[in-house]
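A quick write-up on the structure given underneath.
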Amino acid sequence: MSSPKHPTASAQRGAPAGAPTRITQGSQTRGAIGESTLRPDGTLKVTGEFAYSSDLWHEDMLWGQILRSPVAHAEIVSIDTAEALATPGVYAVLTHDDLPTEVKNYGLEIRDTPVLAYGKVRHHGEPVAVVAAAHPETARRAAAKIKVEYRELPVITDEASATAPGAVLVHEHRTDHHVGHVPHPNIVHRQPIVRGDAAAAARRADVIVRGEYTFGMQDQAFLGPESGLAVPEEDGGVHLYVATQWLHSDLRQIAPVLGLPEDKVRMTLAGVGGAFGGREDLSMQIHACLLALRTGKPVKIVYNRFESFFGHVHRHPAKLYYEHGATHDGRLTHLKCRIVLDGGAYASASPAVVGNAASLSVGPYVVDDVDIEAIALYTNNPPCGAMRGFGAVQACFAYEAQMDKLAKKLGMDPVEFRQRNAMEQGTIMPTGQPVDSPAPVAELLRRVKAMPLPPERQWESSEGADVRQLPGGLSNTTHGEGVVRGIGYAVGIKNVGFSEGFDDYSTARVRLEAVAGEPVATVHTAMAEVGQGGVTVHAQIARTELGVAQVTIRPADTQVGSAGSTSASRQTYVTGGAVRHACEQVRERVLELGRRRFGSYHPAWATAELLLEGGKVVTDGGEVLADLAEVLGDEAVEVEDEWRHRPTEPFDLRTGQGNGHVQYSFAAHRAVVEVDTELGLVKVVELACAQDVGKALNPLSVVGQIQGGTTQGLGVAVMEEIVVDPRTAKVRNPSFTDYLIPTILDTPTIPVDVLELADDHAPYGLRGVGEAPTLSSTPAVLAAIRDATGLELNRTPVRPEHLTGTA
Amino acid sequence: MDFLRPASWEEALAAKAEHPTAVPIAGGTDVMVEINFDHRRPEYLLDLNRVGDLYEWEVGEDSVRLGASVPYAKIMEHLRAELPGLALASHTVASPQIRNRGGVGGNLGTASPAGDAHPALLAAGAEVEVQSAARGTRLVPIDDFYTGVKRNALQPDELIRAVHVRKADGPQQYSKVGTRNAMVIAVCAFGLALHPDTRTVRTGIGSAAPTPVRAATAEDFLNAALEEGGFWDSGKVITPSVARQFADLCAASCNPIDDVRGTAGYRRHAVGVMARRTLTWTWESYRGTRTASEGAA
């Protein structure tokens, strides 16, 4: 399985076309923190000119193609690559046997994922071999000529099959740090949380409500497929341009497989077309690097849409078993719950998702007596991992359904019932952790409820029914017949930042210098801009802290320290915090420089509090002491430093107690839907949201995040689901023909009410924004559909069959 | 893969005769998806984009001769009065970009039960004009055109040149169920046309049987009920029990499957609902035009 000999192009290679360049944001995009600031790449993206990772190009590059398993669980009997390798135009065909070192697996936390399958395949679409060829079609055809003999194994698809006596083990030889405390080797991780005495509290309950809920497998459905370009370098290393969420995490997993020290694997972030958690795990990174190092040529890999559905992890589907009690006066007595997450074939982020699901399973409510268990399974279903909302989404769907059931049983208004039990600052979480910053749960609910309702029967016009306003839309299924309106509410709680004792830091390098008499700040971080808006926020922070107009944002790469992941709603908090921290040090050094150079001319240099504002050094009284450019002269002041948020602790493995989270984020939704009750079609008319963001650094971007998260939550309420055949564990709908995401006609008006109650522990008082709206959107839509139809609806997404009794 | 680019219809027929396995491509909205999915890798693609008269349409005395490549967007824009059912169906096809490229010839060529045009063509009444270099032109009645799952009555050397659709002589309606409010492939679809000239009702069902089908039993029942009750003359409201029975018979004429887009049970149910609603809409419209014309007289 070696590659044929080819002369290695050893000429010094330049950067590929489509590689990112520095962005200078000058006076046209000015804006300090708190001001709405336009994205510098916004126009490029909507006009189709932005270079995404799939646009990368190098003049002598090859194309990589991955051969994937057509079955979900099988022993690999043999692999024959001879015919593929003999195909003209093919430069290399690699299998597991060609991996250069003893490190043959990777993984975010547990290295259980083979770079290329060996021994057996554990899920449909698992990579088995890779091909490099001069043309993508040649690579595709060559991959099809690789002969793999499989001996199929029974598939593990759910909790019952995973833990049945004699069940096949998905991973036979586990050595990870969770294996010691899980009840079965097909369980990745288990996190109980026990506080108070749920059994005793249940006896005080006047009403008890139980539910069994099912959450379908959602896909991130980012529009830019997995792609990147690996360029071999003269020093024997490789430069990888790739769309990812965390460059340094990729690097840590890639380098050992390649057998290279980390400084010989250079990484640059290419244009990212969305992520939502789906780029936390590696996809084509190692494969492209292996092929580039083997052939001595740049290798590009781009998944097509079909492959993309196999190329990244999905949101964990879940079964959730909930029991709540309440007293007649509407106080929650206890919670017993069990959350079973399907992690699929490899661990990915499953352990952390378990921790989140368990610790946030109560929701934003005060419940003193809890008995909680969350587990993630190993199965032969597609691997599941990070996706916006990360374990908190599934729980929110269940506990909010429970709140409505309880309110109904007690004859109370569902909003009032929630408000009566809402947590607030000072509430103790089920983990024993006090909530030590504002938690305006009742207020958010009050705000969404107070918003004016959209008018009824908006579809009626003088020219007849406007079908665009009706369920079914342009498909012309109703002109008002069978249409019933429903209203539902939900609220959720999401942690911000990495939890459970993880050393969650970021790094920023900030440089200040005078260019042509103007002070210019340069910000360099490894933060992956995946659309969240860090690219504006960093410039806003630099302007605010350094009093400059011009800020240059350098492309993210591994020439600077880790920024951590663009996930967990953490980047504005943590990398924003790191940029601010570096700016503060730059400012101190600049002032020191000023004192040295000009201190003798004015006593205020020594006595006053000094600020950098409008390109000048000013006193807190507003007196101008010097031009910043003059102070700097020919000198550039540069600082690179790490910054950390408050440390967290792991959850106790038996009791779940521990100060595991950094910060919480809250959003509430009110959904107004119209359901065609005969056809089971749904039109979401409006999804009003109120969210506390602590401090909106870029209000425009904050509203965009809230509307995007809300829409992604709507998607999994009424249409988005990866359907896996329970008999074969094969994916049945890997395309946008059958994996549906909302179009603009499915997207309602989304009025947003932004609350800014500062968290004193966070930079500028800010609160992570991106995920919370994804939580409450789904249960609000479900509650509204229940209100319209009177049906119980214990699963999401809701399909027309579920609304018409034809499932 | 060879890409054949005939400059005229005659050249296209000659190419198809020479390479009977060639797959014709016009808008490419079906063919390219199949190629991208690797579902087929034809030896030859026969590009019809240079054959200009495929983009033409003629409105005749009784019917519209619609070129195979006339895009859906043009049907919506120019043929709403003559072909209201097909214009409504065109509205539901995918996205604006695809409606600018795709045409009825592609739907007929692919003959997928989920093709959006089929129920409208079945309900309106149509003939498919097909041609071969060897045997010339023949007209295939739409009722005989669909022969199996993604199979049609074409011979290997034949190409679809046009479809002759009867001009509407009464109200027509079209409904399609998808699990999204736009840009969605049909879970099932239903077309209905009233033909006051012949005092008949025709139907078409999509995605609820191996091929697009008419609900023949339901049509027979309804035609008899309307005739016996004197509905065509009186223009009175259709009795709910008649509408219900018609809907039940339409549902019963489905032979659907469970698949990732929907269950068989749902498809049957939804076809029934759409049948009842489209009958109500068209009949109300028929009554309205009758009243209006009487008033004018």
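Lettering and numbering for the structure tokens are positional, with chains as A, B, ... in the shown order, residues counted from 1 in each chain, and ligands counted from 1 in the shown order.
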
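Look at range 180-185 of chain B: the protein and nucleic acid residues within 6 Å of it, using only C-alpha atoms and passing over chain neighbours fewer than 6 places away, are Gly472, Gly473, Leu474 and Asp746 of chain A; Ala94 and Ser95 of chain B.
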
Could you write out the selected residues, including N, CA and C atoms, as a PDB file, in the first residue's frame?
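Listed below is the output, result04.pdb:
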ATOM      1  N   GLY A 472     -47.890  25.285   5.344  1.00  0.00           N
ATOM      2  CA  GLY A 472     -47.792  24.743   3.989  1.00  0.00           C
ATOM      3  C   GLY A 472     -47.228  25.747   3.003  1.00  0.00           C
ATOM      4  N   GLY A 473     -47.386  27.031   3.311  1.00  0.00           N
ATOM      5  CA  GLY A 473     -46.762  28.073   2.506  1.00  0.00           C
ATOM      6  C   GLY A 473     -47.123  27.949   1.040  1.00  0.00           C
ATOM      7  N   LEU A 474     -46.115  28.061   0.192  1.00  0.00           N
ATOM      8  CA  LEU A 474     -46.329  28.077  -1.252  1.00  0.00           C
ATOM      9  C   LEU A 474     -46.906  26.773  -1.782  1.00  0.00           C
ATOM     10  N   ASP A 746     -40.015  29.803   6.465  1.00  0.00           N
ATOM     11  CA  ASP A 746     -40.287  29.080   7.713  1.00  0.00           C
ATOM     12  C   ASP A 746     -39.854  29.887   8.929  1.00  0.00           C
TER      13      ASP A 746
ATOM     14  N   ALA B  94     -39.213  23.753  -5.911  1.00  0.00           N
ATOM     15  CA  ALA B  94     -37.921  24.179  -5.370  1.00  0.00           C
ATOM     16  C   ALA B  94     -37.820  25.678  -5.154  1.00  0.00           C
ATOM     17  N   SER B  95     -36.723  26.263  -5.648  1.00  0.00           N
ATOM     18  CA  SER B  95     -36.369  27.655  -5.379  1.00  0.00           C
ATOM     19  C   SER B  95     -36.481  28.470  -6.668  1.00  0.00           C
TER      20      SER B  95
END

May I have a table of the residues of chain B lying at most 6 Å from chain A, giving each one's closest pair of atoms and their distance in Å to one decimal, counting only C-alpha atoms, ordered by chain and ascending residue number, as CSV?
residue,atom,partner,partner_atom,distance
B:Thr92,CA,A:Ser475,CA,5.3
B:Ser175,CA,A:Thr477,CA,5.1
B:Lys176,CA,A:Ser475,CA,5.0
B:Asn181,CA,A:Gly473,CA,4.5
B:Ala182,CA,A:Leu474,CA,5.9
B:Gly265,CA,A:Thr806,CA,5.3
B:Tyr266,CA,A:Thr806,CA,5.0
B:Ala270,CA,A:Leu679,CA,5.9

Same residues, N, CA and C atoms, saved as a PDB file, in the first residue's frame:
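Contents of part02.pdb, freshly written:
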ATOM      1  N   THR B  92     -44.627  25.625  -6.672  1.00  0.00           N
ATOM      2  CA  THR B  92     -44.130  24.813  -5.553  1.00  0.00           C
ATOM      3  C   THR B  92     -42.795  24.152  -5.883  1.00  0.00           C
ATOM      4  N   SER B 175     -52.245  21.179  -4.787  1.00  0.00           N
ATOM      5  CA  SER B 175     -51.746  21.237  -3.413  1.00  0.00           C
ATOM      6  C   SER B 175     -50.624  20.246  -3.247  1.00  0.00           C
ATOM      7  N   LYS B 176     -49.669  20.597  -2.431  1.00  0.00           N
ATOM      8  CA  LYS B 176     -48.541  19.681  -2.206  1.00  0.00           C
ATOM      9  C   LYS B 176     -48.179  19.738  -0.734  1.00  0.00           C
ATOM     10  N   ASN B 181     -42.150  24.941   4.514  1.00  0.00           N
ATOM     11  CA  ASN B 181     -43.128  25.815   3.858  1.00  0.00           C
ATOM     12  C   ASN B 181     -42.681  26.338   2.492  1.00  0.00           C
ATOM     13  N   ALA B 182     -41.503  25.974   2.065  1.00  0.00           N
ATOM     14  CA  ALA B 182     -41.023  26.321   0.720  1.00  0.00           C
ATOM     15  C   ALA B 182     -39.867  25.394   0.400  1.00  0.00           C
ATOM     16  N   GLY B 265     -49.402   5.855   5.845  1.00  0.00           N
ATOM     17  CA  GLY B 265     -50.664   6.260   6.461  1.00  0.00           C
ATOM     18  C   GLY B 265     -50.890   7.766   6.347  1.00  0.00           C
ATOM     19  N   TYR B 266     -49.828   8.526   6.571  1.00  0.00           N
ATOM     20  CA  TYR B 266     -49.962   9.981   6.457  1.00  0.00           C
ATOM     21  C   TYR B 266     -50.264  10.385   5.026  1.00  0.00           C
ATOM     22  N   ALA B 270     -53.333  12.556   3.929  1.00  0.00           N
ATOM     23  CA  ALA B 270     -53.130  13.912   3.388  1.00  0.00           C
ATOM     24  C   ALA B 270     -53.746  14.043   2.002  1.00  0.00           C
TER      25      ALA B 270
END

Report task. Quick one: everything within 12 Å of Ala73 in chain B, counting only C-alpha atoms, minus sequence neighbours fewer than 4 positions away in the same chain. Send it as a count of residues only. Result -> 25

Requested in this report: Give me every strand (DSSP E or B) residue in range 151-279 of chain A, going by DSSP on the backbone, as a count of residues only.
Outcome: 38

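The environment of Arg50 in chain B within 10 Å, counting only C-alpha atoms and disregarding residues fewer than 3 places along the same chain, consists of Arg5, Pro6, Ala7, Ser8, Trp9, Ala12, Ala26, Asp47, Asp53, Leu54 and Tyr55 of chain B.
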
Report task. For range 418-434 of chain A, work out the shell of residues within 6 Å, counting only C-alpha atoms and skipping chain neighbours fewer than 3 positions away, then give it as a list of chain:residue names. Result -> A:Pro364, A:Tyr365, A:Val366, A:Val415, A:Ser437, A:Pro438, A:Ala439, A:Val441, A:Ala442, A:Gly656, A:Gln657, A:Gly658, A:Asn659

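Proximity to Ile238 in chain B at 9 Å, evaluated using only C-alpha atoms and with sequence-adjacent residues fewer than 2 positions away removed, yields Leu226, Phe231, Gly235, Lys236, Pro240, Ser241, Val242, Ala243, Leu279, Thr280 and Trp283 of chain B.
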
So that I have them on file, write out the residues from the current selection with N, CA and C atoms, as a short mmCIF file (atom, residue, chain, number, x, y, z; two decimals), in the first residue's frame.
data_model
loop_
_atom_site.label_atom_id
_atom_site.label_comp_id
_atom_site.auth_asym_id
_atom_site.auth_seq_id
_atom_site.Cartn_x
_atom_site.Cartn_y
_atom_site.Cartn_z
N LEU B 226 -72.19 14.33 -9.40
CA LEU B 226 -72.46 15.69 -9.88
C LEU B 226 -73.54 15.68 -10.94
N PHE B 231 -75.60 19.12 -10.26
CA PHE B 231 -74.74 20.16 -9.69
C PHE B 231 -74.18 21.11 -10.76
N GLY B 235 -75.18 24.63 -9.90
CA GLY B 235 -74.07 25.31 -9.24
C GLY B 235 -74.22 25.34 -7.74
N LYS B 236 -75.00 24.43 -7.21
CA LYS B 236 -75.19 24.44 -5.75
C LYS B 236 -73.96 23.86 -5.04
N PRO B 240 -71.58 17.83 1.64
CA PRO B 240 -70.39 17.40 2.39
C PRO B 240 -70.15 15.90 2.28
N SER B 241 -71.22 15.10 2.27
CA SER B 241 -71.02 13.65 2.21
C SER B 241 -70.41 13.24 0.87
N VAL B 242 -70.76 13.96 -0.19
CA VAL B 242 -70.18 13.67 -1.51
C VAL B 242 -68.69 14.02 -1.49
N ALA B 243 -68.39 15.20 -0.96
CA ALA B 243 -66.99 15.62 -0.89
C ALA B 243 -66.18 14.64 -0.06
N LEU B 279 -61.28 20.21 -4.14
CA LEU B 279 -62.62 20.13 -4.73
C LEU B 279 -63.46 21.32 -4.27
N THR B 280 -63.36 21.63 -2.98
CA THR B 280 -64.13 22.76 -2.45
C THR B 280 -63.70 24.07 -3.12
N TRP B 283 -64.75 24.10 -6.82
CA TRP B 283 -66.20 24.18 -6.99
C TRP B 283 -66.72 25.55 -6.59
#

Report task. Have a look at CA of Tyr213 in chain A and CA of Glu792 in chain A and let me know their distance in Å, one decimal. Result -> 10.4 Å
